[in-house]
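> This is the structure I want to talk about, given as structure tokens.
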Amino acid sequence: AFQAVTTRTAGFSTFQQSGMHEETGFLNIILMFIGGSPGGTAGGLKTTTFALLFLAFHTMLRGGHDIECFQRKVAEDSLRVAFVTFMLALGIYVTGTTVIAVIEPDTISLQKIMYETASAMATVGLTVDLTPVLSDISHVVLMLMMYIGRIGPMTMALIFSGHVDKKNQFRTLPEAKIMVG
């Protein structure tokens, strides 16, 4: 129970993280990626974002149209923001993990790299004793991930998004149905 809470933001380590079973480490990676609740100092995707995506998934599976939570309809804009936030966070996480995996020798397991990058992006502070042996370039990648994780993927995207074209912002395009799956 303590380990499930500490992966959200605290970073307290009661045992050596490198001694975990692979299954436990993978579960911790997922918990770190999801992160804590908004409004606090927790990093990661945020529990509300994950919950909203799960509710949307559940709604689609049962054939519903409106996403409901506590007998209220969730605004479609909230779902869009949740999806974009998830995709940005996933993209940053996968990119950082891939860059470090390419830079470092093959003797380092991918799961350990995934653990370090999840911890960095979620600003958790846990390590599987890998950070000290990584190269300087990998340290820079981890620092960038920590910075992005601290300010949030959406904030980072808004910083670089540039100017919005007001003329195209209010236009309505015809709908197109795309076969998916």
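For the structure tokens, the naming scheme is as follows: chains receive sequential letters (A, B, ...) according to their order of presentation, residues are indexed from 1 within each chain, and ligands are indexed from 1 in presentation order.
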Considering only C-alpha atoms, return as a PDB file with C-alpha atoms, in the first residue's frame whatever protein or nucleic-acid residues lie within 9 Å of range 91-107 of chain A, sequence-local ones (same chain, fewer than 5 positions apart) excluded.


ATOM      1  CA  PHE A  33       2.687   7.546 -15.338  1.00  0.00           C
ATOM      2  CA  PHE A  86      -2.572  11.708 -22.529  1.00  0.00           C
ATOM      3  CA  ILE A 113      15.134   2.792 -18.376  1.00  0.00           C
ATOM      4  CA  MET A 114      11.318   2.909 -18.435  1.00  0.00           C
ATOM      5  CA  GLU A 116      13.766   6.005 -14.572  1.00  0.00           C
ATOM      6  CA  THR A 117      11.952   7.963 -17.279  1.00  0.00           C
ATOM      7  CA  ALA A 118       8.528   7.427 -15.671  1.00  0.00           C
ATOM      8  CA  MET A 121       8.426  12.653 -15.962  1.00  0.00           C
ATOM      9  CA  LEU A 134      23.841   6.869 -17.233  1.00  0.00           C
ATOM     10  CA  SER A 135      25.718   9.120 -19.667  1.00  0.00           C
ATOM     11  CA  ILE A 137      23.223  13.029 -22.529  1.00  0.00           C
ATOM     12  CA  SER A 138      20.827  10.669 -20.761  1.00  0.00           C
ATOM     13  CA  HIS A 139      21.006  12.914 -17.687  1.00  0.00           C
ATOM     14  CA  VAL A 141      17.055  13.857 -21.266  1.00  0.00           C
ATOM     15  CA  LEU A 142      15.940  12.989 -17.722  1.00  0.00           C
ATOM     16  CA  LEU A 144      14.113  17.755 -19.613  1.00  0.00           C
ATOM     17  CA  MET A 145      11.532  15.133 -18.739  1.00  0.00           C
ATOM     18  CA  ILE A 148       8.192  18.972 -18.650  1.00  0.00           C
ATOM     19  CA  PRO A 153       2.642  18.421 -20.933  1.00  0.00           C
TER      20      PRO A 153
END

> Using only C-alpha atoms, which residues sit within 12 Å of range 34-48 of chain A once same-chain residues fewer than 2 positions away are excluded, as a ChimeraX atom specification?

/A:4-11,27-32,50-55,69,74,78-79,81-93,117-125,145-154

> List every residue of chain A that DSSP, applied to the backbone of this structure, places in strand (DSSP E or B), and write the result as a list in words.

Glu68, Cys69, Arg72 and Lys73 of chain A

> Using the selection just defined, write its residues with C-alpha atoms as a tab-separated table (two decimals), in the first residue's frame.


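Saved to result_13.tsv:
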chain	number	residue	atom	x	y	z
A	68	GLU	CA	-21.27	10.21	-17.41
A	69	CYS	CA	-19.70	10.62	-14.01
A	72	ARG	CA	-23.59	14.22	-14.68
A	73	LYS	CA	-22.65	14.51	-18.34

> So how far away is CA of Phe26 in chain A from CA of Leu126 in chain A, in Å?

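According to the coordinates, CA of Leu126 in chain A and CA of Phe26 in chain A are separated by 13.5 Å.
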
> Record the distance separating CA of Asp136 in chain A and CA of Ile108 in chain A, expressed in Å with one decimal.

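Separation between CA of Asp136 in chain A and CA of Ile108 in chain A: 15.5 Å.
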